[in-house]
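Heads up, protein.pdb below (PDB, C-alpha atoms):
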ATOM      1  CA  MET K  26       0.000   0.000   0.000  1.00  0.00           C
ATOM      2  CA  GLY K  27       1.001   3.595  -0.444  1.00  0.00           C
ATOM      3  CA  HIS K  28       0.511   6.502   1.914  1.00  0.00           C
ATOM      4  CA  ARG K  29       1.749   9.920   2.883  1.00  0.00           C
ATOM      5  CA  LEU K  30       1.966  11.619   6.272  1.00  0.00           C
ATOM      6  CA  ILE K  31       1.447  15.389   6.401  1.00  0.00           C
ATOM      7  CA  ALA K  32       1.228  16.195  10.118  1.00  0.00           C
ATOM      8  CA  GLY K  33       4.968  16.860  10.280  1.00  0.00           C
ATOM      9  CA  SER K  34       6.248  13.692  11.919  1.00  0.00           C
ATOM     10  CA  SER K  35       8.668  13.021   9.070  1.00  0.00           C
ATOM     11  CA  GLU K  36       9.411  15.157   6.028  1.00  0.00           C
ATOM     12  CA  ARG K  37      10.422  12.014   4.116  1.00  0.00           C
ATOM     13  CA  CYS K  38       6.921  10.610   4.619  1.00  0.00           C
ATOM     14  CA  ALA K  39       5.225  13.743   3.213  1.00  0.00           C
ATOM     15  CA  ILE K  40       5.887  12.466  -0.309  1.00  0.00           C
ATOM     16  CA  PRO K  41       3.555   9.649  -1.394  1.00  0.00           C
ATOM     17  CA  HIS K  42       5.433   6.372  -1.077  1.00  0.00           C
ATOM     18  CA  GLY K  43       4.709   2.712  -0.559  1.00  0.00           C
ATOM     19  CA  HIS K  44       5.381  -0.234   1.734  1.00  0.00           C
ATOM     20  CA  ASN K  45       4.796  -3.965   1.647  1.00  0.00           C
ATOM     21  CA  GLU K  46       2.569  -4.213   4.683  1.00  0.00           C
ATOM     22  CA  PHE K  47       1.814  -7.477   6.447  1.00  0.00           C
ATOM     23  CA  VAL K  48      -1.190  -7.924   8.721  1.00  0.00           C
ATOM     24  CA  THR K  49      -1.200 -10.715  11.308  1.00  0.00           C
ATOM     25  CA  VAL K  50      -4.234 -11.420  13.463  1.00  0.00           C
ATOM     26  CA  THR K  51      -4.795 -13.738  16.395  1.00  0.00           C
ATOM     27  CA  LEU K  52      -8.303 -15.137  16.755  1.00  0.00           C
ATOM     28  CA  GLN K  53      -9.847 -17.191  19.500  1.00  0.00           C
ATOM     29  CA  ALA K  54     -13.243 -18.671  20.208  1.00  0.00           C
ATOM     30  CA  ARG K  55     -15.466 -16.212  22.020  1.00  0.00           C
ATOM     31  CA  GLU K  56     -16.732 -19.107  24.150  1.00  0.00           C
ATOM     32  CA  PRO K  57     -14.010 -21.776  24.259  1.00  0.00           C
ATOM     33  CA  ALA K  58     -15.280 -25.335  24.258  1.00  0.00           C
ATOM     34  CA  ARG K  59     -13.817 -28.802  24.087  1.00  0.00           C
ATOM     35  CA  LEU K  60     -13.034 -29.997  20.570  1.00  0.00           C
ATOM     36  CA  ASP K  61     -15.582 -32.474  19.288  1.00  0.00           C
ATOM     37  CA  GLY K  62     -13.217 -35.297  18.285  1.00  0.00           C
ATOM     38  CA  ALA K  63     -14.327 -35.101  14.656  1.00  0.00           C
ATOM     39  CA  GLN K  64     -14.122 -31.664  13.052  1.00  0.00           C
ATOM     40  CA  ASN K  65     -11.870 -30.404  15.892  1.00  0.00           C
ATOM     41  CA  MET K  66     -12.226 -26.717  15.145  1.00  0.00           C
ATOM     42  CA  VAL K  67     -14.487 -23.928  16.308  1.00  0.00           C
ATOM     43  CA  ILE K  68     -15.439 -23.132  12.719  1.00  0.00           C
ATOM     44  CA  PRO K  69     -13.869 -24.305   9.461  1.00  0.00           C
ATOM     45  CA  PHE K  70     -10.604 -22.456   8.849  1.00  0.00           C
ATOM     46  CA  ALA K  71     -11.669 -21.403   5.348  1.00  0.00           C
ATOM     47  CA  ASP K  72     -14.810 -19.809   6.802  1.00  0.00           C
ATOM     48  CA  ALA K  73     -12.814 -18.018   9.488  1.00  0.00           C
ATOM     49  CA  LYS K  74     -10.487 -16.345   7.012  1.00  0.00           C
ATOM     50  CA  ARG K  75     -12.584 -15.939   3.836  1.00  0.00           C
ATOM     51  CA  ARG K  76     -14.123 -12.509   4.448  1.00  0.00           C
ATOM     52  CA  TRP K  77     -10.967 -10.972   5.959  1.00  0.00           C
ATOM     53  CA  HIS K  78      -8.674 -12.271   3.217  1.00  0.00           C
ATOM     54  CA  ASP K  79     -11.088 -11.047   0.541  1.00  0.00           C
ATOM     55  CA  PHE K  80     -11.128  -7.580   2.139  1.00  0.00           C
ATOM     56  CA  ILE K  81      -7.331  -7.437   2.365  1.00  0.00           C
ATOM     57  CA  ASP K  82      -6.744  -8.809  -1.149  1.00  0.00           C
ATOM     58  CA  THR K  83      -9.441  -6.917  -3.058  1.00  0.00           C
ATOM     59  CA  ARG K  84      -9.854  -3.650  -1.146  1.00  0.00           C
ATOM     60  CA  LEU K  85      -6.578  -2.876   0.649  1.00  0.00           C
ATOM     61  CA  ASP K  86      -3.980  -4.334  -1.684  1.00  0.00           C
ATOM     62  CA  HIS K  87      -2.556  -1.448  -3.763  1.00  0.00           C
ATOM     63  CA  ALA K  88      -4.840   1.119  -2.108  1.00  0.00           C
ATOM     64  CA  PHE K  89      -3.561   4.572  -1.123  1.00  0.00           C
ATOM     65  CA  GLN K  90      -3.873   5.600   2.526  1.00  0.00           C
ATOM     66  CA  ILE K  91      -4.637   9.298   2.924  1.00  0.00           C
ATOM     67  CA  SER K  92      -5.735  11.603   5.738  1.00  0.00           C
ATOM     68  CA  SER K  93      -9.224  13.075   5.554  1.00  0.00           C
ATOM     69  CA  SER K  94      -7.543  16.497   5.835  1.00  0.00           C
ATOM     70  CA  ASP K  95      -4.903  15.911   3.131  1.00  0.00           C
ATOM     71  CA  PRO K  96      -5.212  18.379   0.201  1.00  0.00           C
ATOM     72  CA  LEU K  97      -4.454  15.489  -2.164  1.00  0.00           C
ATOM     73  CA  LEU K  98      -7.837  14.013  -1.253  1.00  0.00           C
ATOM     74  CA  SER K  99      -9.740  16.885  -2.879  1.00  0.00           C
ATOM     75  CA  TRP K 100      -7.354  16.675  -5.845  1.00  0.00           C
ATOM     76  CA  PHE K 101      -8.269  13.003  -6.357  1.00  0.00           C
ATOM     77  CA  LEU K 102     -11.979  13.737  -6.007  1.00  0.00           C
ATOM     78  CA  THR K 103     -11.775  16.561  -8.558  1.00  0.00           C
ATOM     79  CA  ASN K 104      -9.295  15.119 -11.045  1.00  0.00           C
ATOM     80  CA  GLU K 105      -9.573  11.347 -10.698  1.00  0.00           C
ATOM     81  CA  PRO K 106     -12.943  10.593  -9.081  1.00  0.00           C
ATOM     82  CA  ALA K 107     -12.995   7.084 -10.575  1.00  0.00           C
ATOM     83  CA  ARG K 108     -10.046   6.226  -8.311  1.00  0.00           C
ATOM     84  CA  ALA K 109     -11.756   7.399  -5.099  1.00  0.00           C
ATOM     85  CA  ASP K 110     -12.735   3.822  -4.255  1.00  0.00           C
ATOM     86  CA  ARG K 111      -9.006   2.967  -3.953  1.00  0.00           C
ATOM     87  CA  LEU K 112      -8.398   5.596  -1.249  1.00  0.00           C
ATOM     88  CA  VAL K 113      -8.244   4.467   2.388  1.00  0.00           C
ATOM     89  CA  VAL K 114      -9.328   7.664   4.146  1.00  0.00           C
ATOM     90  CA  THR K 115      -8.195   7.941   7.755  1.00  0.00           C
ATOM     91  CA  PRO K 116      -8.912  10.391  10.571  1.00  0.00           C
ATOM     92  CA  GLY K 117      -5.529  12.135  10.650  1.00  0.00           C
ATOM     93  CA  ASP K 118      -2.340  10.752   9.180  1.00  0.00           C
ATOM     94  CA  PRO K 119      -2.452   7.104   8.037  1.00  0.00           C
ATOM     95  CA  THR K 120       0.364   6.006  10.319  1.00  0.00           C
ATOM     96  CA  THR K 121       1.052   2.354  11.024  1.00  0.00           C
ATOM     97  CA  GLU K 122      -0.567   2.842  14.436  1.00  0.00           C
ATOM     98  CA  MET K 123      -3.728   4.360  12.931  1.00  0.00           C
ATOM     99  CA  MET K 124      -4.017   1.699  10.237  1.00  0.00           C
ATOM    100  CA  ALA K 125      -3.581  -1.080  12.804  1.00  0.00           C
ATOM    101  CA  ALA K 126      -6.403   0.366  14.922  1.00  0.00           C
ATOM    102  CA  LEU K 127      -8.713   0.835  11.915  1.00  0.00           C
ATOM    103  CA  LEU K 128      -8.040  -2.672  10.616  1.00  0.00           C
ATOM    104  CA  TYR K 129      -8.614  -4.138  14.086  1.00  0.00           C
ATOM    105  CA  ALA K 130     -12.003  -2.383  14.228  1.00  0.00           C
ATOM    106  CA  LYS K 131     -12.893  -3.583  10.711  1.00  0.00           C
ATOM    107  CA  LEU K 132     -12.003  -7.171  11.587  1.00  0.00           C
ATOM    108  CA  GLN K 133     -14.138  -6.988  14.725  1.00  0.00           C
ATOM    109  CA  ALA K 134     -17.088  -5.752  12.627  1.00  0.00           C
ATOM    110  CA  PHE K 135     -16.642  -8.725  10.264  1.00  0.00           C
ATOM    111  CA  LEU K 136     -16.447 -11.198  13.151  1.00  0.00           C
ATOM    112  CA  ARG K 137     -19.590  -9.772  14.797  1.00  0.00           C
ATOM    113  CA  ALA K 138     -21.479  -9.974  11.504  1.00  0.00           C
ATOM    114  CA  ASP K 139     -20.325 -13.570  11.023  1.00  0.00           C
ATOM    115  CA  GLY K 140     -22.026 -14.733  14.213  1.00  0.00           C
ATOM    116  CA  ASP K 141     -19.581 -13.457  16.839  1.00  0.00           C
ATOM    117  CA  VAL K 142     -18.130 -16.971  17.263  1.00  0.00           C
ATOM    118  CA  LEU K 143     -14.534 -15.705  17.070  1.00  0.00           C
ATOM    119  CA  CYS K 144     -12.870 -12.633  18.535  1.00  0.00           C
ATOM    120  CA  CYS K 145      -9.592 -10.985  17.676  1.00  0.00           C
ATOM    121  CA  THR K 146      -7.128 -10.835  20.559  1.00  0.00           C
ATOM    122  CA  SER K 147      -4.321  -9.048  18.697  1.00  0.00           C
ATOM    123  CA  LEU K 148      -3.525  -7.453  15.380  1.00  0.00           C
ATOM    124  CA  SER K 149      -0.019  -6.674  14.143  1.00  0.00           C
ATOM    125  CA  LEU K 150       0.747  -4.481  11.164  1.00  0.00           C
ATOM    126  CA  GLU K 151       4.275  -4.635   9.804  1.00  0.00           C
ATOM    127  CA  GLU K 152       5.085  -1.631   7.644  1.00  0.00           C
ATOM    128  CA  THR K 153       8.796  -2.363   7.356  1.00  0.00           C
ATOM    129  CA  PRO K 154      11.076  -4.961   8.962  1.00  0.00           C
ATOM    130  CA  THR K 155      11.880  -2.360  11.648  1.00  0.00           C
ATOM    131  CA  ASN K 156       8.381  -0.906  12.127  1.00  0.00           C
ATOM    132  CA  THR K 157       5.647  -3.201  13.413  1.00  0.00           C
ATOM    133  CA  VAL K 158       2.697  -2.143  15.532  1.00  0.00           C
ATOM    134  CA  CYS K 159       0.899  -4.757  17.622  1.00  0.00           C
ATOM    135  CA  LEU K 160      -2.411  -3.907  19.277  1.00  0.00           C
ATOM    136  CA  THR K 161      -4.179  -6.087  21.839  1.00  0.00           C
ATOM    137  CA  GLY K 162      -7.420  -5.860  23.756  1.00  0.00           C
ATOM    138  CA  GLY K 163      -9.462  -4.235  21.001  1.00  0.00           C
ATOM    139  CA  PRO K 164      -9.107  -1.046  18.968  1.00  0.00           C
ATOM    140  CA  GLU K 165     -11.463   1.199  20.946  1.00  0.00           C
ATOM    141  CA  PHE K 166      -8.748   2.608  23.188  1.00  0.00           C
ATOM    142  CA  TYR K 167      -6.591   3.570  20.193  1.00  0.00           C
ATOM    143  CA  LEU K 168      -9.156   5.056  17.817  1.00  0.00           C
ATOM    144  CA  PRO K 169      -9.502   8.849  17.809  1.00  0.00           C
ATOM    145  CA  VAL K 170     -12.790  10.484  18.674  1.00  0.00           C
ATOM    146  CA  THR K 171     -14.585  11.541  15.489  1.00  0.00           C
ATOM    147  CA  GLU K 172     -17.516  13.858  14.838  1.00  0.00           C
ATOM    148  CA  ALA K 173     -19.386  11.044  13.132  1.00  0.00           C
ATOM    149  CA  PRO K 174     -21.186   8.443  15.230  1.00  0.00           C
ATOM    150  CA  PRO K 175     -18.833   5.429  15.613  1.00  0.00           C
ATOM    151  CA  GLU K 176     -21.230   3.014  13.892  1.00  0.00           C
ATOM    152  CA  SER K 177     -21.231   5.174  10.754  1.00  0.00           C
ATOM    153  CA  CYS K 178     -17.443   5.062  10.275  1.00  0.00           C
ATOM    154  CA  TRP K 179     -16.172   2.705   7.572  1.00  0.00           C
ATOM    155  CA  TRP K 180     -13.875   0.856   9.985  1.00  0.00           C
ATOM    156  CA  ASN K 181     -16.816  -0.131  12.203  1.00  0.00           C
ATOM    157  CA  ARG K 182     -18.989  -1.487   9.379  1.00  0.00           C
ATOM    158  CA  ALA K 183     -18.964  -5.096   8.169  1.00  0.00           C
ATOM    159  CA  ASP K 184     -18.742  -4.179   4.504  1.00  0.00           C
ATOM    160  CA  ASP K 185     -15.869  -3.767   2.061  1.00  0.00           C
ATOM    161  CA  THR K 186     -15.578   0.016   2.387  1.00  0.00           C
ATOM    162  CA  ILE K 187     -12.215   1.667   3.000  1.00  0.00           C
ATOM    163  CA  SER K 188     -13.540   5.218   3.250  1.00  0.00           C
ATOM    164  CA  ASP K 189     -16.750   7.135   3.742  1.00  0.00           C
ATOM    165  CA  LEU K 190     -16.304   9.177   0.546  1.00  0.00           C
ATOM    166  CA  LEU K 191     -19.055   7.491  -1.407  1.00  0.00           C
ATOM    167  CA  THR K 192     -21.497   7.496   1.536  1.00  0.00           C
ATOM    168  CA  GLN K 193     -21.115  11.295   1.922  1.00  0.00           C
ATOM    169  CA  ASN K 194     -22.443  12.117  -1.565  1.00  0.00           C
TER     170      ASN K 194
END

Using structure tokens, write down the structure from this file.
Amino acid sequence: MGHRLIAGSSERCAIPHGHNEFVTVTLQAREPARLDGAQNMVIPFADAKRRWHDFIDTRLDHAFQISSSDPLLSWFLTNEPARADRLVVTPGDPTTEMMAALLYAKLQAFLRADGDVLCCTSLSLEETPTNTVCLTGGPEFYLPVTEAPPESCWWNRADDTISDLLTQN
């Protein structure tokens, strides 16, 4: 994915650039139970990963992470509106920390919608070999307060959205 940071944390990161990001999640049964001696899993592994992998592979892969206050956002909307669906719009700079929190929230929304059988206990986002963020205990503590009601934010919805651009029109 590509991104740019404009809040002044690093001048190098103010120029759009990319990273090979890796997301690792740890799931557990919401209500642990003894394995049944036959299937021996809480839910089939393919079912547990299908929705999340589809979201990562079809929506996030090669997307551009951009702050909702970045002037490039209005440029894209004016000059290349057809590419707006490839923009991951974040509250503030799309840092590794912010993306980890947003992805954690998105995964929780998927898991709730899929019957709430599994819960995520940690999510790690590796931006580079020397920059990995690992969050545990849920994303709520890390997410910034927004003007929009939490349930209306793309990261809290169990759909394939990566921004709220198209829902604002």

* What lies within 8 Å of segment 145-156 of chain K using all atoms listed in the file, ignoring chain neighbours under 5 positions off, as a count of residues only? -> 19

* Structure fact -> Min atom-atom distance to Asp118 of chain K from the set K:Asp139, K:Glu56, K:Asp95, K:Asp72, counting only C-alpha atoms, belongs to K:Asp95

* Given the file shown, determine the residues that the PyMOL selection byres ((chain K and resi 134) around 9) selects; report them as a VMD selection string. => chain K and resid 129 to 133 135 to 139 180 to 184

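With atom CA of Gly62 of chain K on one side and atom CA of Arg75 of chain K on the other, the separation reads 24.2 Å.
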
* Asked: So which residues are close to (-6.3, 11.0, 9.5), meaning at most 12 Å away in the file's coordinates with only C-alpha atoms counted, and can you show them as a VMD selection string?
  -> chain K and resid 28 to 32 90 to 96 98 113 to 124 126 to 127 168 to 171 188

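The gap separating atom CA of His87 of chain K from atom CA of Ile40 of chain K is 16.6 Å, in Å to one decimal.
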
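With atom CA of Ala54 of chain K on one side and atom CA of Asp141 of chain K on the other, the separation reads 8.9 Å.
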
Segment 131-150 of chain K: axis-aligned bounding box, 4 Å on each side, centre and edge lengths in Å, one decimal, as JSON:
{"center_x": -10.6, "center_y": -10.3, "center_z": 15.4, "size_x": 30.8, "size_y": 21.4, "size_z": 18.3}
